[in-house]
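Just upload08.txt here, compact mmCIF, C-alpha atoms:
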# COMPACT_ATOMS: atom_id res chain seq x y z
CA MET A 1 101.20 75.78 128.05
CA GLU A 2 97.89 73.94 128.09
CA GLN A 3 96.58 71.41 125.56
CA LYS A 4 99.63 71.48 123.31
CA ALA A 5 98.22 68.82 120.99
CA GLN A 6 94.98 70.81 120.54
CA ILE A 7 96.91 74.01 119.78
CA ILE A 8 98.91 72.20 117.09
CA GLU A 9 95.73 70.74 115.61
CA ASP A 10 94.10 74.20 115.51
CA LEU A 11 97.15 75.69 113.79
CA LYS A 12 97.18 72.89 111.23
CA LYS A 13 93.62 73.83 110.28
CA VAL A 14 94.47 77.50 109.87
CA ILE A 15 97.55 76.72 107.77
CA GLY A 16 95.36 74.37 105.76
CA TYR A 17 93.01 77.28 105.02
CA ILE A 18 95.97 79.37 103.84
CA LYS A 19 97.25 76.62 101.55
CA SER A 20 93.84 75.67 100.19
CA ASP A 21 92.90 76.59 96.62
CA GLU A 22 89.21 76.27 97.44
CA LEU A 23 87.36 76.27 100.75
CA THR A 24 84.17 74.36 101.53
CA ASN A 25 81.08 76.21 102.74
CA GLU A 26 81.56 74.61 106.13
CA GLU A 27 85.12 75.98 106.31
CA LYS A 28 83.96 79.43 105.24
CA GLU A 29 81.29 79.47 107.93
CA LYS A 30 83.84 78.45 110.56
CA ILE A 31 86.38 81.08 109.44
CA THR A 32 83.71 83.79 109.60
CA LYS A 33 82.48 82.74 113.03
CA ASP A 34 86.03 82.35 114.38
CA THR A 35 87.10 85.74 113.02
CA VAL A 36 84.31 87.64 114.78
CA ASN A 37 84.83 85.63 117.98
CA TYR A 38 88.61 85.97 118.08
CA PHE A 39 88.60 89.69 117.26
CA ASP A 40 86.27 90.30 120.20
CA ASN A 41 88.12 88.01 122.60
CA TYR A 42 91.76 88.12 121.56
CA VAL A 43 92.37 91.21 119.41
CA SER A 44 90.33 94.05 120.90
CA PRO A 45 86.78 94.15 122.28
CA GLY A 46 84.94 96.81 120.31
CA TRP A 47 87.30 96.75 117.33
CA LEU A 48 84.57 95.40 115.08
CA LYS A 49 81.63 97.50 116.19
CA TYR A 50 82.39 100.51 113.99
CA ARG A 51 83.24 98.53 110.84
CA LYS A 52 80.82 98.53 107.94
CA SER A 53 81.79 94.92 107.32
CA VAL A 54 79.82 93.83 110.37
CA SER A 55 77.26 96.63 110.66
CA THR A 56 75.46 96.03 107.36
CA ASN A 57 74.27 92.44 107.20
CA ALA A 58 76.39 89.33 107.73
CA ALA A 59 80.07 89.80 108.56
CA VAL A 60 82.29 90.09 105.50
CA VAL A 61 85.71 88.45 105.87
CA GLU A 62 88.31 89.48 103.30
CA TRP A 63 90.14 86.63 101.60
CA THR A 64 91.55 87.62 98.21
CA ASP A 65 92.42 90.82 96.35
CA LYS A 66 93.59 91.89 92.92
CA GLY A 67 93.97 95.15 91.04
CA ALA A 68 91.33 97.63 92.21
CA TYR A 69 89.24 94.99 94.02
CA CYS A 70 88.98 93.27 97.41
CA THR A 71 87.00 90.03 97.59
CA GLY A 72 85.28 88.44 100.55
CA LEU A 73 85.34 84.81 101.63
CA TYR A 74 82.08 84.09 99.78
CA GLY A 75 83.15 85.96 96.64
CA GLU A 76 81.69 89.35 97.60
CA GLU A 77 83.44 91.90 95.33
CA PHE A 78 84.28 95.44 96.42
CA ILE A 79 85.77 98.24 94.35
CA ASP A 80 88.39 99.46 96.82
CA CYS A 81 88.21 103.23 97.18
CA LEU A 82 89.62 103.04 100.72
CA GLY A 83 92.92 101.73 99.38
CA GLY A 84 94.30 100.91 102.82
CA PHE A 85 94.52 104.71 103.33
CA GLY A 86 96.95 104.99 100.45
CA ILE A 87 98.74 101.63 100.43
CA TYR A 88 97.47 100.27 97.12
CA THR A 89 98.54 102.93 94.62
CA CYS A 90 99.98 100.17 92.38
CA GLY A 91 96.92 98.00 92.96
CA HIS A 92 96.31 94.89 95.04
CA ARG A 93 98.89 92.13 94.53
CA ASN A 94 100.50 93.80 91.53
CA ASP A 95 101.98 90.96 89.44
CA GLU A 96 105.28 92.67 88.67
CA ILE A 97 105.96 93.56 92.30
CA LEU A 98 104.75 90.18 93.60
CA ASP A 99 107.07 88.32 91.21
CA VAL A 100 110.11 90.20 92.53
CA VAL A 101 109.14 89.52 96.15
CA LYS A 102 108.65 85.81 95.44
CA ALA A 103 112.05 85.67 93.73
CA GLN A 104 113.69 87.32 96.74
CA LEU A 105 111.97 84.88 99.13
CA ASP A 106 113.41 82.01 97.13
CA HIS A 107 116.91 82.90 98.31
CA GLN A 108 116.62 85.19 101.36
CA ALA A 109 113.94 86.91 103.42
CA LEU A 110 115.61 88.69 106.37
CA HIS A 111 119.18 89.88 106.86
CA SER A 112 121.95 88.56 109.10
CA GLN A 113 122.51 91.91 110.88
CA GLU A 114 126.27 91.52 110.22
CA LEU A 115 126.94 90.83 106.54
CA LEU A 116 126.26 93.58 104.00
CA ASP A 117 122.69 93.47 102.68
CA PRO A 118 122.90 94.80 99.11
CA LEU A 119 119.23 95.65 98.52
CA ARG A 120 119.27 98.29 101.24
CA GLY A 121 122.02 100.12 99.39
CA TYR A 122 120.32 99.76 96.00
CA LEU A 123 117.03 101.00 97.46
CA ALA A 124 118.63 104.00 99.20
CA LYS A 125 120.24 105.01 95.89
CA ALA A 126 116.91 104.62 94.07
CA VAL A 127 115.07 106.76 96.65
CA ALA A 128 117.74 109.46 96.38
CA ASP A 129 117.32 109.34 92.58
CA ILE A 130 113.54 109.92 92.69
CA THR A 131 113.37 112.54 95.45
CA PRO A 132 113.85 116.29 94.87
CA GLY A 133 116.89 118.43 95.55
CA ASP A 134 119.84 117.07 97.47
CA LEU A 135 117.94 114.56 99.61
CA GLU A 136 120.40 111.68 99.90
CA TYR A 137 120.76 109.63 103.11
CA CYS A 138 118.08 107.01 103.85
CA PHE A 139 116.99 105.15 106.95
CA PHE A 140 114.41 102.39 106.50
CA THR A 141 111.74 101.48 109.04
CA ASN A 142 108.62 99.31 109.28
CA GLY A 143 105.66 101.64 109.87
CA GLY A 144 104.79 105.29 109.35
CA ALA A 145 104.92 106.29 113.01
CA GLU A 146 108.38 104.74 113.32
CA ALA A 147 109.60 106.79 110.36
CA VAL A 148 108.25 109.94 112.01
CA GLU A 149 110.05 109.04 115.26
CA MET A 150 113.34 108.77 113.35
CA ALA A 151 112.73 112.14 111.66
CA LEU A 152 112.06 113.81 115.01
CA LYS A 153 115.18 112.28 116.58
CA LEU A 154 117.35 113.18 113.60
CA SER A 155 116.24 116.81 113.71
CA ARG A 156 117.31 117.12 117.35
CA ILE A 157 120.69 115.52 116.68
CA ALA A 158 121.34 117.66 113.60
CA THR A 159 120.20 121.06 114.92
CA GLY A 160 120.76 120.83 118.66
CA GLY A 161 117.25 122.22 119.08
CA ARG A 162 114.64 120.74 121.39
CA TRP A 163 111.30 122.28 120.39
CA TYR A 164 109.00 121.06 117.63
CA VAL A 165 106.29 122.97 115.78
CA SER A 166 103.39 121.02 114.27
CA THR A 167 99.92 121.95 113.03
CA VAL A 168 96.36 121.71 114.28
CA GLY A 169 94.60 118.78 112.61
CA ALA A 170 97.88 117.02 111.80
CA PHE A 171 98.28 113.26 111.87
CA HIS A 172 101.74 111.69 112.04
CA GLY A 173 101.06 108.32 113.67
CA LYS A 174 100.22 106.98 117.11
CA SER A 175 103.55 106.15 118.76
CA MET A 176 104.44 108.49 121.62
CA GLY A 177 106.54 111.00 119.70
CA ALA A 178 104.33 110.89 116.61
CA VAL A 179 101.09 111.36 118.53
CA SER A 180 102.71 114.25 120.41
CA MET A 181 103.02 115.99 117.04
CA GLY A 182 99.41 115.12 116.18
CA GLY A 183 96.90 117.91 116.03
CA LYS A 184 93.75 116.08 117.16
CA SER A 185 92.70 116.00 120.80
CA THR A 186 90.99 112.61 120.27
CA TYR A 187 94.35 110.90 119.88
CA ARG A 188 96.36 113.09 122.29
CA VAL A 189 94.28 113.44 125.45
CA PRO A 190 94.50 109.80 126.66
CA TYR A 191 98.32 110.04 126.73
CA THR A 192 99.02 113.50 128.12
CA PRO A 193 101.53 114.61 129.22
CA MET A 194 103.44 113.39 126.18
CA VAL A 195 106.65 114.59 124.59
CA GLN A 196 106.99 118.13 125.87
CA GLN A 197 108.27 121.20 124.00
CA VAL A 198 105.74 120.90 121.16
CA GLN A 199 103.77 123.86 119.81
CA HIS A 200 100.82 123.59 117.44
CA VAL A 201 99.88 126.30 114.96
CA GLU A 202 97.08 126.77 112.43
CA TYR A 203 97.63 124.70 109.29
CA GLY A 204 98.05 126.81 106.17
CA ASN A 205 98.91 129.94 108.15
CA ALA A 206 102.62 130.67 107.60
CA GLU A 207 102.51 133.81 109.74
CA ASP A 208 101.29 131.69 112.67
CA MET A 209 104.35 129.46 112.14
CA ARG A 210 106.74 132.43 111.98
CA LYS A 211 105.30 134.00 115.11
CA VAL A 212 105.63 130.93 117.33
CA ILE A 213 109.22 130.26 116.24
CA ARG A 214 110.15 133.93 116.66
CA ASN A 215 108.71 133.97 120.16
CA LEU A 216 110.47 130.75 121.19
CA VAL A 217 113.80 132.10 119.94
CA ALA A 218 113.18 135.43 121.69
CA VAL A 219 112.96 133.69 125.07
CA GLY A 220 116.07 131.59 124.49
CA GLU A 221 114.55 128.34 123.22
CA LYS A 222 115.96 126.54 120.17
CA VAL A 223 113.57 124.89 117.71
CA ALA A 224 114.66 121.55 116.24
CA ALA A 225 112.04 121.07 113.56
CA VAL A 226 108.80 122.01 111.90
CA ILE A 227 106.80 118.94 110.81
CA VAL A 228 104.11 119.38 108.16
CA GLU A 229 101.97 117.23 105.88
CA PRO A 230 102.03 118.83 102.40
CA ILE A 231 98.34 117.88 102.33
CA GLN A 232 96.66 116.91 105.59
CA GLY A 233 95.22 113.42 105.17
CA GLU A 234 93.51 112.31 108.38
CA ALA A 235 92.16 115.85 108.84
CA GLY A 236 90.09 115.39 105.68
CA ILE A 237 92.35 116.08 102.67
CA ILE A 238 93.15 119.69 103.51
CA ILE A 239 95.24 121.41 100.83
CA PRO A 240 97.08 124.50 102.14
CA PRO A 241 97.08 127.81 100.25
CA GLU A 242 99.47 128.06 97.32
CA GLY A 243 102.86 129.30 98.50
CA TYR A 244 102.41 128.06 102.08
CA LEU A 245 105.07 125.35 101.87
CA LYS A 246 107.54 127.77 100.26
CA GLU A 247 106.98 130.29 103.03
CA VAL A 248 107.44 127.61 105.72
CA ARG A 249 110.72 126.65 104.01
CA LYS A 250 111.78 130.30 104.12
CA ILE A 251 110.93 130.59 107.82
CA CYS A 252 112.89 127.43 108.68
CA ASP A 253 115.93 128.72 106.77
CA GLU A 254 115.68 132.06 108.55
CA TYR A 255 115.81 130.49 112.02
CA GLY A 256 117.99 127.43 111.34
CA VAL A 257 115.12 124.99 111.89
CA ALA A 258 114.89 121.60 110.16
CA LEU A 259 111.86 121.20 107.90
CA ILE A 260 110.23 117.76 107.94
CA PHE A 261 107.66 116.88 105.29
CA ASP A 262 105.49 113.90 106.16
CA GLU A 263 104.87 112.39 102.71
CA ILE A 264 103.83 108.99 104.01
CA GLN A 265 100.38 109.33 102.45
CA THR A 266 100.92 112.07 99.85
CA GLY A 267 104.08 110.57 98.35
CA MET A 268 104.74 107.82 95.78
CA GLY A 269 102.54 109.35 93.11
CA ARG A 270 99.27 109.55 95.03
CA THR A 271 98.64 113.28 94.43
CA GLY A 272 99.74 113.46 90.79
CA THR A 273 103.48 113.99 91.27
CA MET A 274 105.91 111.49 92.76
CA TRP A 275 106.07 113.70 95.87
CA ARG A 276 103.59 116.42 96.76
CA CYS A 277 106.39 118.86 97.67
CA GLU A 278 107.50 118.73 94.02
CA ALA A 279 104.22 120.35 92.99
CA GLU A 280 105.17 123.30 95.22
CA GLY A 281 108.88 123.29 94.26
CA VAL A 282 110.05 122.89 97.87
CA VAL A 283 112.77 120.58 99.25
CA PRO A 284 112.58 119.61 102.94
CA ASP A 285 115.54 118.73 105.15
CA ILE A 286 113.94 115.41 106.08
CA MET A 287 111.12 113.58 104.33
CA THR A 288 109.20 110.57 105.58
CA PHE A 289 107.69 108.04 103.17
CA GLY A 290 105.65 104.84 103.44
CA LYS A 291 102.14 103.54 102.62
CA ALA A 292 102.46 102.76 98.87
CA PHE A 293 106.28 102.47 99.10
CA GLY A 294 106.05 98.68 99.52
CA GLY A 295 103.80 98.32 96.49
CA GLY A 296 100.83 97.08 98.50
CA ILE A 297 102.78 93.84 99.06
CA MET A 298 105.23 94.42 101.93
CA PRO A 299 105.37 96.92 104.82
CA ILE A 300 108.32 99.30 104.48
CA THR A 301 108.69 102.98 105.37
CA GLY A 302 111.56 105.34 106.04
CA ILE A 303 113.13 108.76 105.90
CA ILE A 304 115.50 110.51 103.54
CA CYS A 305 117.49 113.61 104.51
CA ARG A 306 119.90 116.16 103.13
CA PRO A 307 123.62 115.44 103.72
CA LYS A 308 123.97 118.30 106.20
CA MET A 309 121.55 116.51 108.56
CA TRP A 310 123.81 113.45 108.88
CA THR A 311 126.23 114.92 111.40
CA GLN A 312 129.62 113.61 112.51
CA GLU A 313 127.95 112.26 115.65
CA LEU A 314 125.88 109.91 113.47
CA ILE A 315 128.84 108.99 111.32
CA ASP A 316 130.80 108.05 114.44
CA ASN A 317 127.85 106.13 115.90
CA PRO A 318 125.52 104.96 113.09
CA TRP A 319 123.34 103.05 115.60
CA LEU A 320 122.51 106.22 117.54
CA LEU A 321 119.45 107.15 115.48
CA GLY A 322 117.97 103.65 115.71
CA SER A 323 118.47 100.02 114.75
CA PRO A 324 115.08 98.40 114.05
CA THR A 325 115.51 94.63 113.75
CA PHE A 326 113.45 94.37 110.60
CA GLY A 327 114.14 97.81 109.11
CA GLY A 328 115.39 97.62 105.53
CA ASN A 329 115.15 93.83 105.35
CA PRO A 330 115.76 92.23 101.94
CA VAL A 331 112.25 91.04 101.16
CA CYS A 332 110.71 94.45 101.92
CA CYS A 333 113.47 96.25 100.01
CA SER A 334 112.80 94.02 97.00
CA ALA A 335 109.14 95.11 97.06
CA ALA A 336 110.09 98.79 97.22
CA LEU A 337 112.62 98.45 94.38
CA ALA A 338 110.00 96.75 92.19
CA THR A 339 107.46 99.43 93.14
CA ILE A 340 109.71 102.30 92.10
CA LYS A 341 110.44 100.58 88.77
CA TYR A 342 106.74 99.92 88.14
CA MET A 343 105.78 103.51 89.01
CA LEU A 344 108.37 105.01 86.67
CA GLU A 345 107.66 102.64 83.77
CA ASN A 346 103.89 103.09 84.01
CA ASN A 347 103.82 106.79 84.94
CA VAL A 348 101.77 106.10 88.06
CA PRO A 349 101.84 109.76 89.19
CA GLY A 350 100.41 110.75 85.81
CA GLN A 351 97.72 108.09 86.08
CA CYS A 352 96.79 109.39 89.55
CA LYS A 353 96.53 112.92 88.18
CA GLU A 354 94.38 111.98 85.18
CA LYS A 355 92.13 109.45 86.91
CA GLY A 356 91.85 111.67 89.98
CA ALA A 357 90.50 114.51 87.86
CA TYR A 358 87.95 112.12 86.31
CA LEU A 359 86.79 110.75 89.68
CA LYS A 360 86.69 114.20 91.26
CA ALA A 361 84.49 115.48 88.43
CA GLY A 362 82.05 112.64 89.11
CA LEU A 363 82.00 113.40 92.83
CA GLU A 364 81.41 117.09 92.10
CA ARG A 365 78.40 116.18 89.95
CA LEU A 366 76.97 114.32 92.94
CA TRP A 367 77.70 117.34 95.16
CA LYS A 368 75.70 119.50 92.74
CA LYS A 369 72.86 116.95 92.71
CA TYR A 370 72.78 116.47 96.51
CA PRO A 371 73.78 119.81 98.10
CA GLU A 372 71.64 118.99 101.16
CA VAL A 373 73.81 115.93 101.85
CA ILE A 374 77.28 116.94 100.62
CA ASN A 375 79.04 120.05 101.89
CA GLU A 376 82.17 119.92 99.76
CA VAL A 377 84.37 117.83 97.45
CA ARG A 378 88.13 118.47 97.59
CA GLY A 379 91.54 116.97 96.93
CA THR A 380 93.97 116.33 94.12
CA GLY A 381 95.11 113.26 92.22
CA LEU A 382 93.70 110.11 93.78
CA MET A 383 93.64 111.67 97.25
CA LEU A 384 90.08 112.98 97.40
CA ALA A 385 87.49 113.71 100.07
CA VAL A 386 83.75 114.22 100.28
CA GLU A 387 82.56 116.17 103.30
CA PHE A 388 78.98 115.59 104.45
CA CYS A 389 76.59 117.75 106.43
CA GLU A 390 77.15 115.58 109.51
CA SER A 391 78.98 112.44 110.53
CA GLU A 392 75.90 110.21 110.84
CA VAL A 393 74.87 111.11 107.30
CA GLY A 394 78.34 110.34 105.94
CA TYR A 395 78.40 106.99 107.69
CA ASP A 396 75.01 106.09 106.24
CA VAL A 397 76.27 106.92 102.74
CA ALA A 398 79.42 104.85 103.33
CA LYS A 399 77.28 101.92 104.49
CA GLY A 400 75.05 102.31 101.44
CA MET A 401 78.08 102.18 99.18
CA PHE A 402 79.47 99.17 101.03
CA LYS A 403 76.14 97.38 100.53
CA ARG A 404 76.54 98.08 96.81
CA GLY A 405 80.12 96.80 96.60
CA VAL A 406 82.19 99.96 97.04
CA MET A 407 84.59 100.21 99.96
CA THR A 408 85.40 103.68 101.31
CA ALA A 409 86.58 105.23 104.54
CA GLY A 410 84.08 106.51 107.08
CA THR A 411 83.38 104.76 110.37
CA LEU A 412 81.26 105.29 113.46
CA VAL A 413 84.25 107.16 114.89
CA ASN A 414 84.16 109.78 112.14
CA ALA A 415 82.37 109.87 108.80
CA LYS A 416 81.72 113.59 108.31
CA CYS A 417 84.51 113.46 105.75
CA ILE A 418 85.08 110.33 103.65
CA ARG A 419 88.31 109.77 101.75
CA PHE A 420 88.59 108.24 98.30
CA GLU A 421 92.01 106.73 97.63
CA PRO A 422 91.60 104.00 95.00
CA ALA A 423 94.45 102.28 93.17
CA ALA A 424 95.98 104.01 90.16
CA VAL A 425 95.09 100.88 88.17
CA ILE A 426 91.37 101.57 88.61
CA THR A 427 89.55 101.86 85.27
CA LYS A 428 87.18 104.62 84.18
CA GLU A 429 84.46 101.97 83.99
CA ASP A 430 84.97 101.15 87.66
CA MET A 431 85.02 104.83 88.57
CA ASP A 432 81.71 105.21 86.73
CA LYS A 433 80.34 102.34 88.83
CA VAL A 434 81.55 104.08 92.00
CA ILE A 435 79.69 107.27 91.07
CA GLU A 436 76.57 105.36 90.02
CA ARG A 437 76.47 103.36 93.26
CA MET A 438 77.20 106.42 95.38
CA ASP A 439 74.33 108.21 93.64
CA ALA A 440 71.97 105.43 94.76
CA ALA A 441 73.37 105.50 98.30
CA LEU A 442 72.97 109.28 98.48
CA GLU A 443 69.37 109.02 97.34
CA ASP A 444 68.62 106.48 100.10
CA THR A 445 70.35 108.60 102.74
CA LYS A 446 68.54 111.76 101.64
CA LYS A 447 65.20 110.02 102.12
CA GLU A 448 66.16 108.33 105.40
CA PHE A 449 67.34 111.59 107.03
CA ASN A 450 64.61 113.65 105.35
CA LEU A 451 67.18 116.11 103.99
Give the structure from this file in structure tokens form.
Amino acid sequence: MEQKAQIIEDLKKVIGYIKSDELTNEEKEKITKDTVNYFDNYVSPGWLKYRKSVSTNAAVVEWTDKGAYCTGLYGEEFIDCLGGFGIYTCGHRNDEILDVVKAQLDHQALHSQELLDPLRGYLAKAVADITPGDLEYCFFTNGGAEAVEMALKLSRIATGGRWYVSTVGAFHGKSMGAVSMGGKSTYRVPYTPMVQQVQHVEYGNAEDMRKVIRNLVAVGEKVAAVIVEPIQGEAGIIIPPEGYLKEVRKICDEYGVALIFDEIQTGMGRTGTMWRCEAEGVVPDIMTFGKAFGGGIMPITGIICRPKMWTQELIDNPWLLGSPTFGGNPVCCSAALATIKYMLENNVPGQCKEKGAYLKAGLERLWKKYPEVINEVRGTGLMLAVEFCESEVGYDVAKGMFKRGVMTAGTLVNAKCIRFEPAAVITKEDMDKVIERMDAALEDTKKEFNL
């Protein structure tokens, strides 16, 4: 270790920034300069180049957030329609959830790994109470991809099968098993060969699903699981035909295959019901959850499964599925418990349904006004998408909105389709501002690209 005294001095400054109620202009300038420098040199070269926060004018460093807003270091306000890709359904730093987390931190943060941690049990019971059908046994993890890994492993243990069937366009995370299920070549090709024995079928086409499983069984292969997003998120908010999920359930029952629903983004009220599968009246064998589950305060994800999936092998060896060090820790469980309470008391799914319809109507008016720029508006609840005529056009619109204080998805990597996933606490006045500012951005883009 070199220059120990200097390292300590540098860390004191950073901790001073964190503890400070107000920063000087000199401190703000240093934080901004350091952030750009350290991202390029210590996080990932190129990580910043596609971000609107550095491609518009001066770099914007986030510093505070509240409700439906993110605020930069210099007080730049943004209506957050990106929503951390679905994290902030209850809003940024929701007071009720934050108070519970602070109270938990006052007496314990992490667990001993030996004594019984009560909040994990309380949370598992609460999740079983709010999920459909006979979903009952929970396993808590830290990130979405990790939850998917546990679901994939559980399906093999429970069924004895080895093959998986996923869908084209799917996104389930970027760990090795999760990305193997993914349906986009962009994420898969750098890592091939990955987990073998995976087949991909057309999303929304139940007959395609039936055919591939039937053929695998015919040649003596056993399928462990089908994994499906009830609505594809990363693919651009793709809603399957009505009845598709029911038919997939029927196919899985017919062949003894576990059905996994990835509700990491669609769940916790985002689409207008607590879980998207409820809108279709279908119960999976395993369901993953995450994103908004920690209330936008703490990172916590997990799976819940039907009792039949928790086999004697797992009962005899409960560590077999996994034992993440931080999975189900008390402080994260406290956030999830407070989130569930807040969602039920404030009818967050209902708010997402009502406000989503209002925002979607505004986006559809813009589609009608700018048909040369916008190809389609789609989605349900507060999980919406606007598809543009081409990626460069979409990125220009996203930059124009960013310049006007509205944060959306859409990067240099892909902006043909931009997602809108604001907090359920967003007001109609703020949604009106979003539409008004997007209108101005669309007008600029139409002129710039001569559309």
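Straight-line separation from atom CA of A:Ser323 to atom CA of A:Phe171: 24.3 Å.
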*Within 8 Å of A:Gln199, counting all atoms listed in the file, which residues qualify if same-chain residues fewer than 4 places away don't, as an MDAnalysis selection string?*
chainID A and resid 163:166 212
_Residues within 12 Å of A:Ala424, only C-alpha atoms, excluding chain neighbours under 3 positions, as a count of residues only_ = 45
*Residues at most 6 Å from stretch 115-121 of chain A, counting only C-alpha atoms, excluding those fewer than 5 positions away in the same chain, as a VMD selection string?*
chain A and resid 328 330 333
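Considering the residues A:Ala151, A:Val201, A:Cys70, A:Cys417 and counting all atoms listed in the file, A:Ile238 has its shortest atom-to-atom contact with A:Cys417.
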*Which distance in Å separates atom CA of A:Glu390 and atom CA of A:Lys416, to one decimal?*
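These two atoms are separated by 5.1 Å.
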*Between atom CA of A:Glu62 and atom CA of A:Tyr74, measure the distance and give it in Å to one decimal.*
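That distance, rounded to one decimal, is 9.0 Å.
Between A:Leu384 and the residues A:Ala59, A:Leu363, A:Ala338, A:Ala218, the shortest atom-to-atom distance, using only C-alpha atoms, involves A:Leu363.
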*asked:* I'd like to know which of A:Ser155, A:Gln104, A:Asn41, A:Asn205 is closest to A:Lys246, using all atoms listed in the file.
replied: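 Looking at the shortest contact to A:Lys246, the residue is A:Asn205.
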*Have a look at A:Ala224, A:Ala361, A:Val282, A:Met438 and name the one nearest to A:Gly256; count only C-alpha atoms.*
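Under the stated criterion, the closest residue is A:Ala224.
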*From the list A:Pro190, A:Gly183, A:Gly161, A:Gly16, which residue is nearest A:Gly220 when using only C-alpha atoms?*
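So, comparing all the options, the nearest one is A:Gly161.
Restricting the calculation to only C-alpha atoms, the smallest distance between A:Lys102 and any of A:Val331, A:Ile374, A:Val223, A:Val36 is found for A:Val331.
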*Close residues, A:Arg419 itself excluded, 10 Å, all atoms listed in the file, min 6 positions apart in chain, as a PyMOL selection string*: chain A and resi 81-83+85-86+233-234+236-237+377-379+382-387+408-410
